[in-house]
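Visitor: This is coords-v3.cif (mmCIF, C-alpha atoms).
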data_input
loop_
_atom_site.label_atom_id
_atom_site.label_comp_id
_atom_site.auth_asym_id
_atom_site.auth_seq_id
_atom_site.Cartn_x
_atom_site.Cartn_y
_atom_site.Cartn_z
CA MET A 1 -24.12 11.28 12.52
CA GLN A 2 -21.18 11.96 14.79
CA PHE A 3 -19.43 9.14 16.58
CA THR A 4 -16.31 8.31 18.52
CA LYS A 5 -13.64 6.32 16.74
CA ILE A 6 -11.08 4.22 18.61
CA ILE A 7 -7.81 3.28 16.90
CA SER A 8 -6.51 -0.22 17.54
CA ILE A 9 -2.82 -0.87 17.01
CA VAL A 10 -1.81 -3.37 19.70
CA LEU A 11 -4.30 -6.17 20.30
CA PHE A 12 -6.16 -8.03 17.57
CA PHE A 13 -8.76 -10.74 18.10
CA GLU A 14 -9.56 -12.62 14.92
CA VAL A 15 -13.07 -14.02 14.60
CA GLY A 16 -12.51 -15.65 11.27
CA LEU A 17 -11.09 -13.99 8.17
CA ILE A 18 -13.04 -15.09 5.14
CA ARG A 19 -10.96 -15.80 2.06
CA VAL A 20 -12.86 -15.73 -1.23
CA GLN A 21 -11.26 -16.73 -4.51
CA ALA A 22 -12.43 -14.53 -7.38
CA GLN A 23 -12.14 -15.09 -11.13
CA THR A 24 -9.00 -14.71 -13.23
CA VAL A 25 -8.15 -11.60 -15.24
CA THR A 26 -5.99 -11.33 -18.37
CA ASP A 27 -3.71 -8.40 -19.29
CA ILE A 28 -3.07 -6.99 -22.77
CA ASN A 29 -0.07 -9.34 -23.22
CA GLY A 30 -2.20 -12.40 -22.49
CA ASN A 31 -0.81 -13.02 -18.99
CA VAL A 32 -3.52 -14.60 -16.81
CA TYR A 33 -3.72 -13.68 -13.10
CA ASN A 34 -5.52 -15.28 -10.20
CA THR A 35 -7.52 -12.79 -8.14
CA VAL A 36 -8.85 -12.76 -4.60
CA ILE A 37 -11.58 -10.92 -2.69
CA ILE A 38 -10.47 -9.33 0.59
CA GLY A 39 -13.28 -7.44 2.30
CA THR A 40 -14.91 -5.32 -0.41
CA GLN A 41 -11.77 -5.22 -2.57
CA VAL A 42 -10.79 -7.54 -5.41
CA TRP A 43 -7.01 -7.79 -5.86
CA MET A 44 -4.70 -9.56 -8.25
CA ALA A 45 -3.07 -12.43 -6.37
CA GLU A 46 0.05 -12.19 -8.55
CA ASN A 47 2.51 -9.44 -9.47
CA LEU A 48 1.91 -7.60 -12.73
CA LYS A 49 3.90 -8.84 -15.74
CA THR A 50 2.66 -6.67 -18.60
CA THR A 51 5.02 -4.83 -20.93
CA ARG A 52 2.17 -2.83 -22.50
CA TYR A 53 -0.53 -0.45 -21.37
CA ASN A 54 -4.08 -1.66 -21.84
CA ASP A 55 -4.37 0.43 -25.04
CA ASN A 56 -1.62 -1.87 -26.45
CA THR A 57 1.12 0.80 -26.43
CA SER A 58 4.53 -0.30 -25.13
CA ILE A 59 6.10 0.52 -21.78
CA PRO A 60 9.78 1.20 -22.50
CA PRO A 61 12.12 -1.58 -21.25
CA ILE A 62 15.20 -0.12 -19.54
CA THR A 63 18.24 -2.37 -19.03
CA ASP A 64 21.06 0.16 -18.63
CA ASN A 65 21.65 1.38 -15.06
CA ILE A 66 22.50 4.98 -15.97
CA ALA A 67 19.49 5.23 -18.26
CA TRP A 68 17.28 4.00 -15.40
CA VAL A 69 18.69 6.59 -12.96
CA ASN A 70 18.14 9.45 -15.42
CA LEU A 71 14.61 8.39 -16.39
CA VAL A 72 11.71 10.73 -15.56
CA THR A 73 9.28 8.99 -17.91
CA PRO A 74 7.75 5.48 -17.82
CA GLY A 75 9.99 2.44 -17.78
CA TYR A 76 10.15 -1.16 -16.54
CA SER A 77 12.68 -3.96 -16.16
CA TRP A 78 12.94 -7.57 -15.08
CA TYR A 79 15.00 -8.28 -11.97
CA ASN A 80 18.69 -8.47 -12.98
CA ASN A 81 17.45 -7.95 -16.57
CA ASP A 82 16.65 -11.68 -16.56
CA GLU A 83 13.13 -12.23 -17.84
CA ALA A 84 13.46 -16.00 -18.13
CA THR A 85 14.33 -16.44 -14.44
CA TYR A 86 12.12 -13.85 -12.76
CA LYS A 87 9.08 -12.95 -14.86
CA ASP A 88 6.73 -15.83 -14.11
CA THR A 89 7.19 -15.71 -10.33
CA TYR A 90 7.92 -12.09 -9.49
CA GLY A 91 6.60 -10.07 -12.42
CA ALA A 92 8.21 -6.84 -13.61
CA LEU A 93 9.64 -3.84 -11.74
CA TYR A 94 8.11 -0.53 -12.83
CA ASN A 95 9.09 3.02 -12.00
CA TRP A 96 6.32 5.27 -10.64
CA TYR A 97 6.07 7.27 -13.89
CA SER A 98 4.66 4.11 -15.49
CA VAL A 99 1.57 4.28 -13.27
CA ASP A 100 1.10 8.07 -13.17
CA VAL A 101 -1.45 9.26 -15.72
CA SER A 102 0.15 12.72 -15.93
CA SER A 103 3.48 11.08 -16.86
CA ASN A 104 2.29 8.27 -19.13
CA GLY A 105 -0.26 10.16 -21.22
CA GLY A 106 -3.36 9.03 -19.36
CA LYS A 107 -2.64 5.32 -19.81
CA ASN A 108 -3.32 2.36 -17.51
CA VAL A 109 -0.87 -0.51 -16.90
CA CYS A 110 -3.66 -2.66 -15.48
CA PRO A 111 -6.29 -4.56 -17.48
CA THR A 112 -9.49 -2.72 -18.37
CA GLY A 113 -11.69 -2.45 -15.28
CA TRP A 114 -8.63 -2.54 -12.98
CA HIS A 115 -6.23 0.11 -11.69
CA VAL A 116 -3.10 0.70 -9.62
CA PRO A 117 -4.34 1.42 -6.06
CA THR A 118 -4.08 4.74 -4.26
CA VAL A 119 -2.52 4.93 -0.80
CA MET A 120 -6.06 5.15 0.62
CA GLU A 121 -6.97 1.86 -1.07
CA TRP A 122 -3.86 0.22 0.39
CA MET A 123 -4.93 1.61 3.75
CA THR A 124 -8.40 0.12 3.32
CA LEU A 125 -6.71 -3.27 2.88
CA THR A 126 -4.42 -2.99 5.90
CA ASP A 127 -7.23 -1.59 8.08
CA TYR A 128 -9.45 -4.54 7.19
CA LEU A 129 -6.69 -6.95 8.19
CA GLY A 130 -6.21 -5.37 11.62
CA GLY A 131 -3.67 -2.63 10.88
CA GLU A 132 -0.28 -2.27 9.24
CA ASP A 133 1.56 -4.08 12.05
CA VAL A 134 -0.10 -7.44 11.33
CA ALA A 135 -1.45 -7.14 7.77
CA GLY A 136 1.78 -8.25 6.11
CA GLY A 137 1.66 -11.67 7.71
CA LYS A 138 -1.82 -12.24 6.33
CA LEU A 139 -0.74 -11.08 2.86
CA LYS A 140 2.66 -12.77 2.45
CA GLU A 141 3.06 -16.18 0.84
CA SER A 142 3.77 -18.63 3.64
CA GLY A 143 6.93 -20.68 3.90
CA THR A 144 10.42 -19.94 2.60
CA THR A 145 10.23 -21.08 -1.01
CA HIS A 146 10.50 -17.45 -2.12
CA TRP A 147 10.78 -15.43 1.10
CA LEU A 148 13.98 -15.48 3.14
CA SER A 149 13.71 -17.26 6.49
CA PRO A 150 12.05 -16.76 8.95
CA ASN A 151 9.29 -15.02 6.92
CA THR A 152 7.82 -13.80 10.17
CA GLY A 153 4.06 -14.11 10.68
CA ALA A 154 3.35 -15.29 7.13
CA THR A 155 0.07 -17.22 6.83
CA ASN A 156 -1.28 -15.98 3.47
CA GLU A 157 -4.77 -16.50 4.92
CA THR A 158 -6.07 -13.82 2.53
CA GLY A 159 -4.77 -15.58 -0.59
CA PHE A 160 -3.00 -12.35 -1.64
CA THR A 161 0.31 -14.27 -1.91
CA ALA A 162 2.65 -11.29 -1.61
CA LEU A 163 6.09 -12.14 -2.98
CA PRO A 164 9.53 -10.58 -2.36
CA GLY A 165 10.18 -9.26 -5.86
CA GLY A 166 12.91 -6.86 -4.74
CA SER A 167 13.52 -3.46 -6.29
CA ARG A 168 15.64 -1.42 -8.67
CA HIS A 169 17.49 1.46 -7.04
CA TYR A 170 16.65 5.05 -7.97
CA ALA A 171 20.24 6.38 -7.68
CA ALA A 172 22.32 3.43 -8.89
CA GLY A 173 20.03 1.47 -11.20
CA SER A 174 21.12 -1.71 -9.43
CA PHE A 175 18.85 -4.58 -8.36
CA SER A 176 18.52 -5.74 -4.76
CA THR A 177 16.38 -7.16 -1.92
CA ILE A 178 14.75 -10.02 -3.86
CA THR A 179 13.65 -12.66 -1.28
CA ASN A 180 13.80 -9.88 1.38
CA TYR A 181 11.18 -7.29 0.40
CA GLY A 182 7.93 -7.08 -1.51
CA GLU A 183 7.32 -3.45 -2.55
CA TYR A 184 4.19 -2.29 -4.36
CA TRP A 185 3.40 1.08 -5.92
CA SER A 186 0.41 3.29 -5.26
CA THR A 187 -0.53 6.20 -7.55
CA SER A 188 -0.41 8.71 -4.67
CA LYS A 189 2.10 11.52 -4.16
CA ASN A 190 3.70 12.94 -1.03
CA ASN A 191 5.48 16.13 -2.14
CA SER A 192 8.45 14.92 -4.23
CA SER A 193 8.07 11.31 -3.03
CA ARG A 194 5.51 8.65 -3.90
CA TRP A 195 3.55 6.26 -1.66
CA TYR A 196 4.05 2.51 -1.76
CA CYS A 197 3.38 -0.53 0.43
CA HIS A 198 6.23 -2.78 1.52
CA MET A 199 6.59 -6.07 3.38
CA ASN A 200 9.67 -7.72 4.87
CA TYR A 201 10.80 -11.30 5.53
CA GLY A 202 11.58 -10.51 9.18
CA PHE A 203 8.36 -8.73 10.18
CA SER A 204 4.58 -9.09 9.99
CA TYR A 205 3.91 -5.53 8.85
CA ALA A 206 2.58 -4.17 5.57
CA MET A 207 3.95 -0.66 5.90
CA LEU A 208 2.80 2.37 3.92
CA ASP A 209 5.77 4.62 3.19
CA TYR A 210 7.05 6.93 0.47
CA ASN A 211 10.19 7.09 -1.64
CA SER A 212 11.63 8.29 -4.94
CA PRO A 213 9.44 7.78 -8.04
CA LYS A 214 12.57 6.47 -9.79
CA PHE A 215 12.56 3.23 -7.79
CA GLY A 216 11.52 0.07 -9.58
CA PHE A 217 8.79 -1.68 -7.57
CA SER A 218 6.20 -4.38 -8.21
CA ILE A 219 2.53 -3.66 -8.97
CA ARG A 220 -0.67 -5.31 -7.76
CA CYS A 221 -3.79 -4.20 -9.61
CA LEU A 222 -7.13 -3.58 -7.89
CA ARG A 223 -10.50 -4.06 -9.55
CA ASP A 224 -12.55 -0.88 -10.09
CA GLU A 225 -15.76 -2.57 -8.98
CA LEU A 226 -16.06 -3.44 -5.29
CA ALA A 227 -17.07 -6.89 -4.08
CA THR A 228 -19.89 -7.79 -1.72
CA LEU A 229 -18.89 -6.99 1.86
CA VAL A 230 -17.23 -9.77 3.82
CA THR A 231 -17.46 -9.72 7.61
CA ASN A 232 -14.52 -7.78 9.09
CA PRO A 233 -12.49 -9.13 12.03
CA LEU A 234 -13.02 -7.40 15.40
CA ALA A 235 -10.32 -5.19 16.83
CA SER A 236 -9.47 -4.16 20.40
CA THR A 237 -9.82 -0.49 21.38
CA ILE A 238 -7.00 0.65 23.59
CA THR A 239 -4.63 3.35 22.36
CA ILE A 240 -6.07 6.52 20.78
CA GLU A 241 -9.57 8.00 20.82
CA ILE A 242 -10.66 10.65 18.30
CA TYR A 243 -13.99 12.49 18.24
CA PRO A 244 -16.17 13.66 16.63
CA ASN A 245 -15.71 11.85 13.33
CA PRO A 246 -17.02 13.17 10.96
CA VAL A 247 -15.72 16.52 12.21
CA SER A 248 -16.95 20.02 11.35
CA GLY A 249 -14.57 22.07 13.47
CA VAL A 250 -12.28 20.92 16.26
CA LEU A 251 -11.19 17.28 16.40
CA ASN A 252 -10.31 15.93 19.85
CA ILE A 253 -7.58 13.35 20.36
CA LYS A 254 -7.14 11.41 23.61
CA TYR A 255 -3.99 9.31 23.91
CA LYS A 256 -4.18 6.22 26.08
CA ASP A 257 -0.46 5.57 25.54
CA GLU A 258 2.29 8.07 26.41
CA ASN A 259 4.73 6.98 23.71
CA PHE A 260 3.34 8.98 20.78
CA GLU A 261 5.71 11.59 19.35
CA THR A 262 4.01 13.27 16.35
CA VAL A 263 0.63 13.55 14.64
CA SER A 264 0.34 14.51 10.97
CA ILE A 265 -2.55 15.35 8.65
CA LEU A 266 -2.46 14.04 5.08
CA ASN A 267 -5.00 14.58 2.34
CA SER A 268 -6.81 11.77 0.55
CA GLN A 269 -3.92 11.42 -1.92
CA GLY A 270 -1.43 10.94 0.92
CA LEU A 271 0.12 14.44 0.64
CA LEU A 272 1.44 15.78 3.95
CA LEU A 273 -0.42 18.94 5.01
CA THR A 274 0.89 19.51 8.53
CA LYS A 275 2.90 17.75 11.22
CA GLU A 276 3.02 18.63 14.92
CA LYS A 277 4.15 17.27 18.25
CA ALA A 278 1.73 14.92 20.00
CA ILE A 279 0.42 16.52 23.20
CA MET A 280 -0.32 14.11 26.02
CA ASN A 281 -2.89 13.17 27.08
CA LYS A 282 -5.39 15.25 25.07
CA GLN A 283 -4.94 17.27 21.90
CA GLN A 284 -7.16 19.34 19.59
CA ILE A 285 -6.79 19.93 15.85
CA ASP A 286 -8.83 22.60 14.05
CA PHE A 287 -10.20 21.14 10.80
CA SER A 288 -12.20 24.29 9.92
CA LYS A 289 -9.30 25.59 7.82
CA TYR A 290 -9.43 22.51 5.58
CA ALA A 291 -11.84 21.83 2.72
CA SER A 292 -14.53 19.20 3.15
CA GLY A 293 -13.40 15.69 2.34
CA LEU A 294 -11.43 12.68 3.51
CA TYR A 295 -8.15 13.07 5.44
CA ILE A 296 -5.62 10.78 7.13
CA LEU A 297 -4.28 11.25 10.65
CA GLU A 298 -0.86 9.65 11.02
CA PHE A 299 0.45 8.97 14.53
CA VAL A 300 4.12 8.08 15.10
CA LYS A 301 5.50 6.61 18.32
CA THR A 302 9.00 7.24 19.66
CA SER A 303 9.80 3.68 18.55
CA GLY A 304 8.92 4.60 14.95
CA GLU A 305 5.69 2.57 15.00
CA ILE A 306 3.03 4.20 12.80
CA SER A 307 -0.76 4.15 13.03
CA ARG A 308 -3.16 5.85 10.61
CA VAL A 309 -6.88 6.58 10.69
CA LYS A 310 -9.31 8.19 8.25
CA VAL A 311 -11.18 11.36 9.23
CA VAL A 312 -14.12 12.88 7.35
CA ASN A 313 -14.21 16.69 7.44
CA ASN A 314 -17.66 18.21 6.90
#
Any chance you could give the structure as structure tokens?
Guide:
Amino acid sequence: MQFTKIISIVLFFEVGLIRVQAQTVTDINGNVYNTVIIGTQVWMAENLKTTRYNDNTSIPPITDNIAWVNLVTPGYSWYNNDEATYKDTYGALYNWYSVDVSSNGGKNVCPTGWHVPTVMEWMTLTDYLGGEDVAGGKLKESGTTHWLSPNTGATNETGFTALPGGSRHYAAGSFSTITNYGEYWSTSKNNSSRWYCHMNYGFSYAMLDYNSPKFGFSIRCLRDELATLVTNPLASTITIEIYPNPVSGVLNIKYKDENFETVSILNSQGLLLTKEKAIMNKQQIDFSKYASGLYILEFVKTSGEISRVKVVNN
């Protein structure tokens, strides 16, 4: 079946987001995590704390800054190398090699039956919550106990309880941005960079972006098995129209806003395939040169605002 898809990135009318508490899950170290159902996904509601893969092999702890910078294999640390202060609340900071099966020998940092999400799975979450611009507010822990004021838009109505665990820098090995940013790895690549999701104390977004695999970021695990569908909020339809979707040749794009600058195509792993200038008010992209499968269209406004939508190529 072919149908027209409208992207919504400005207005959002909530008809009642259903929050469902799931069961707990325990990692190989014995750490117990609350979990929450959001749409069809079941997420950990706490940052990962494990120091071992689920086959009981160790993830190397890295305290020295130079050693961290030079690392191209798995490693983790506690913020400021202070486990006693930061572990229970914020969990550990892992480099991307820790979650990449080609780098870690096919291992999994998450409990059995769980995994580190792909960029597409992060996108499923933000789409369900009304888009990247507003999803962060619904995911962040409310208040300023852990987030820096004003913690814009934070309601935690999903129960995800995103926390600002900060990061470890890829080029200096230093620690920073705790209370400011919550940054979470995906397993997906974008050329030499790697996809992650980040949230900020001063904004409501949950932004998908990419950066060096040497960064130390937090991890939220996602259950392999989907949950029963929960009714999705309704979204307005005002900015971009794409059709047909699924597509088997030429995809048409109609812009209802003149402020779009570029449109990019990414594959299902988040790898950039092509990027071109947005042509107002109507544009066509030939998908016949691409293999069948799932793709991402990424639209960027002159303001830097980003919107993404999934396209199925037949």
Visitor: Of the candidates A:Asn70, A:Gln283, A:Ser188, A:Thr89, which one gets nearest to Met120 in chain A if we count only C-alpha atoms?
Guide: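 Closest to Met120 in chain A, using only C-alpha atoms: A:Ser188.
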Visitor: Please write the residues picked by the PyMOL selection byres ((chain A and resi 49) around 7) on this file as a PyMOL selection string.
Guide: chain A and resi 47-48+50-51+87+91-92
Visitor: Counting all atoms listed in the file, figure out which residue out of A:Glu298, A:Glu183, A:Glu241, A:Glu261 gets nearest to Tyr201 in chain A.
Guide: A:Glu183
Visitor: Kindly provide the residues of range 80-125 of chain A that approach range 165-172 of chain A to within 12 Å, each paired with its closest atom pair and their distance in Å to one decimal, based on only C-alpha atoms, listed by chain and increasing number, as JSON lines.
Guide:
{"residue": "A:Asn80", "atom": "CA", "partner": "A:Arg168", "partner_atom": "CA", "distance": 8.8}
{"residue": "A:Asn81", "atom": "CA", "partner": "A:Arg168", "partner_atom": "CA", "distance": 10.4}
{"residue": "A:Thr85", "atom": "CA", "partner": "A:Gly165", "partner_atom": "CA", "distance": 11.9}
{"residue": "A:Tyr86", "atom": "CA", "partner": "A:Gly165", "partner_atom": "CA", "distance": 8.5}
{"residue": "A:Lys87", "atom": "CA", "partner": "A:Gly165", "partner_atom": "CA", "distance": 9.8}
{"residue": "A:Asp88", "atom": "CA", "partner": "A:Gly165", "partner_atom": "CA", "distance": 11.1}
{"residue": "A:Thr89", "atom": "CA", "partner": "A:Gly165", "partner_atom": "CA", "distance": 8.4}
{"residue": "A:Tyr90", "atom": "CA", "partner": "A:Gly165", "partner_atom": "CA", "distance": 5.1}
{"residue": "A:Gly91", "atom": "CA", "partner": "A:Gly165", "partner_atom": "CA", "distance": 7.5}
{"residue": "A:Ala92", "atom": "CA", "partner": "A:Gly165", "partner_atom": "CA", "distance": 8.4}
{"residue": "A:Leu93", "atom": "CA", "partner": "A:Ser167", "partner_atom": "CA", "distance": 6.7}
{"residue": "A:Tyr94", "atom": "CA", "partner": "A:Arg168", "partner_atom": "CA", "distance": 8.6}
{"residue": "A:Asn95", "atom": "CA", "partner": "A:Arg168", "partner_atom": "CA", "distance": 8.6}
{"residue": "A:Trp96", "atom": "CA", "partner": "A:Tyr170", "partner_atom": "CA", "distance": 10.7}
Visitor: Could I get the residues of range 96-184 of chain A with an atom no further than 12 Å from an atom of range 266-280 of chain A, each paired with its nearest atom pair and that distance in Å to one decimal, using only C-alpha atoms, sorted by chain and residue number, as CSV?
Guide:
residue,atom,partner,partner_atom,distance
A:Pro117,CA,A:Gln269,CA,10.8
A:Thr118,CA,A:Gln269,CA,7.1
A:Val119,CA,A:Gly270,CA,6.3
A:Met120,CA,A:Ser268,CA,6.7
A:Glu121,CA,A:Ser268,CA,10.0
A:Trp122,CA,A:Gly270,CA,11.0
A:Met123,CA,A:Gly270,CA,10.4
Visitor: Expand the PyMOL selection byres ((chain A and resi 102-104) around 10) into the individual residues it matches in the shown file, reporting them as a VMD selection string.
Guide: chain A and resid 53 59 72 to 75 96 to 101 105 to 109
Visitor: For the structure shown, which residues end up in the PyMOL selection byres ((chain A and resi 289) around 12)? Put them as number ranges by chain, please?
Guide: A: 247-250, 273-274, 285-288, 290-292, 313-314
Visitor: Enumerate, in order of chain and increasing residue number, the residues of range 128-178 of chain A with an atom no farther than 9 Å from range 32-42 of chain A, each with its shortest atom pair and distance in Å to one decimal, counting only C-alpha atoms, as JSON lines.
Guide:
{"residue": "A:Tyr128", "atom": "CA", "partner": "A:Gly39", "partner_atom": "CA", "distance": 6.9}
{"residue": "A:Leu129", "atom": "CA", "partner": "A:Ile38", "partner_atom": "CA", "distance": 8.8}
{"residue": "A:Thr158", "atom": "CA", "partner": "A:Ile38", "partner_atom": "CA", "distance": 6.6}
{"residue": "A:Gly159", "atom": "CA", "partner": "A:Val36", "partner_atom": "CA", "distance": 6.4}
{"residue": "A:Phe160", "atom": "CA", "partner": "A:Val36", "partner_atom": "CA", "distance": 6.6}
Visitor: Measuring atom to atom with all atoms listed in the file, identify which of A:Ser58, A:Tyr255, A:Arg308, A:Cys221 is nearest to Thr26 in chain A.
Guide: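 For Thr26 in chain A, the nearest of the given residues is A:Cys221.
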Visitor: With only C-alpha atoms as the basis for distance, which of A:Ser218, A:Thr161, A:Asn156, A:Ser212 is at the shortest distance from Ile178 in chain A?
Guide: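 The closest residue to Ile178 in chain A is A:Ser218.
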Visitor: Measure the distance from CA of Asn190 in chain A to CA of Gly304 in chain A in Å and round it to one decimal.
Guide: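 Separating CA of Asn190 in chain A from CA of Gly304 in chain A is a distance of 18.8 Å.
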Visitor: Would you compute an axis-aligned box for range 39-49 of chain A, covering every atom listed for it in the file with 3 Å of margin on each side, and report centre and edge lengths in Å to one decimal as lines of an AutoDock Vina configuration file?
Guide:
center_x = -5.5
center_y = -8.8
center_z = -6.7
size_x = 24.8
size_y = 13.2
size_z = 24.0
Visitor: Counting only C-alpha atoms, figure out which residue out of A:Ala154, A:Val116, A:Val300, A:Ile66 gets nearest to Trp195 in chain A.
Guide: A:Val116
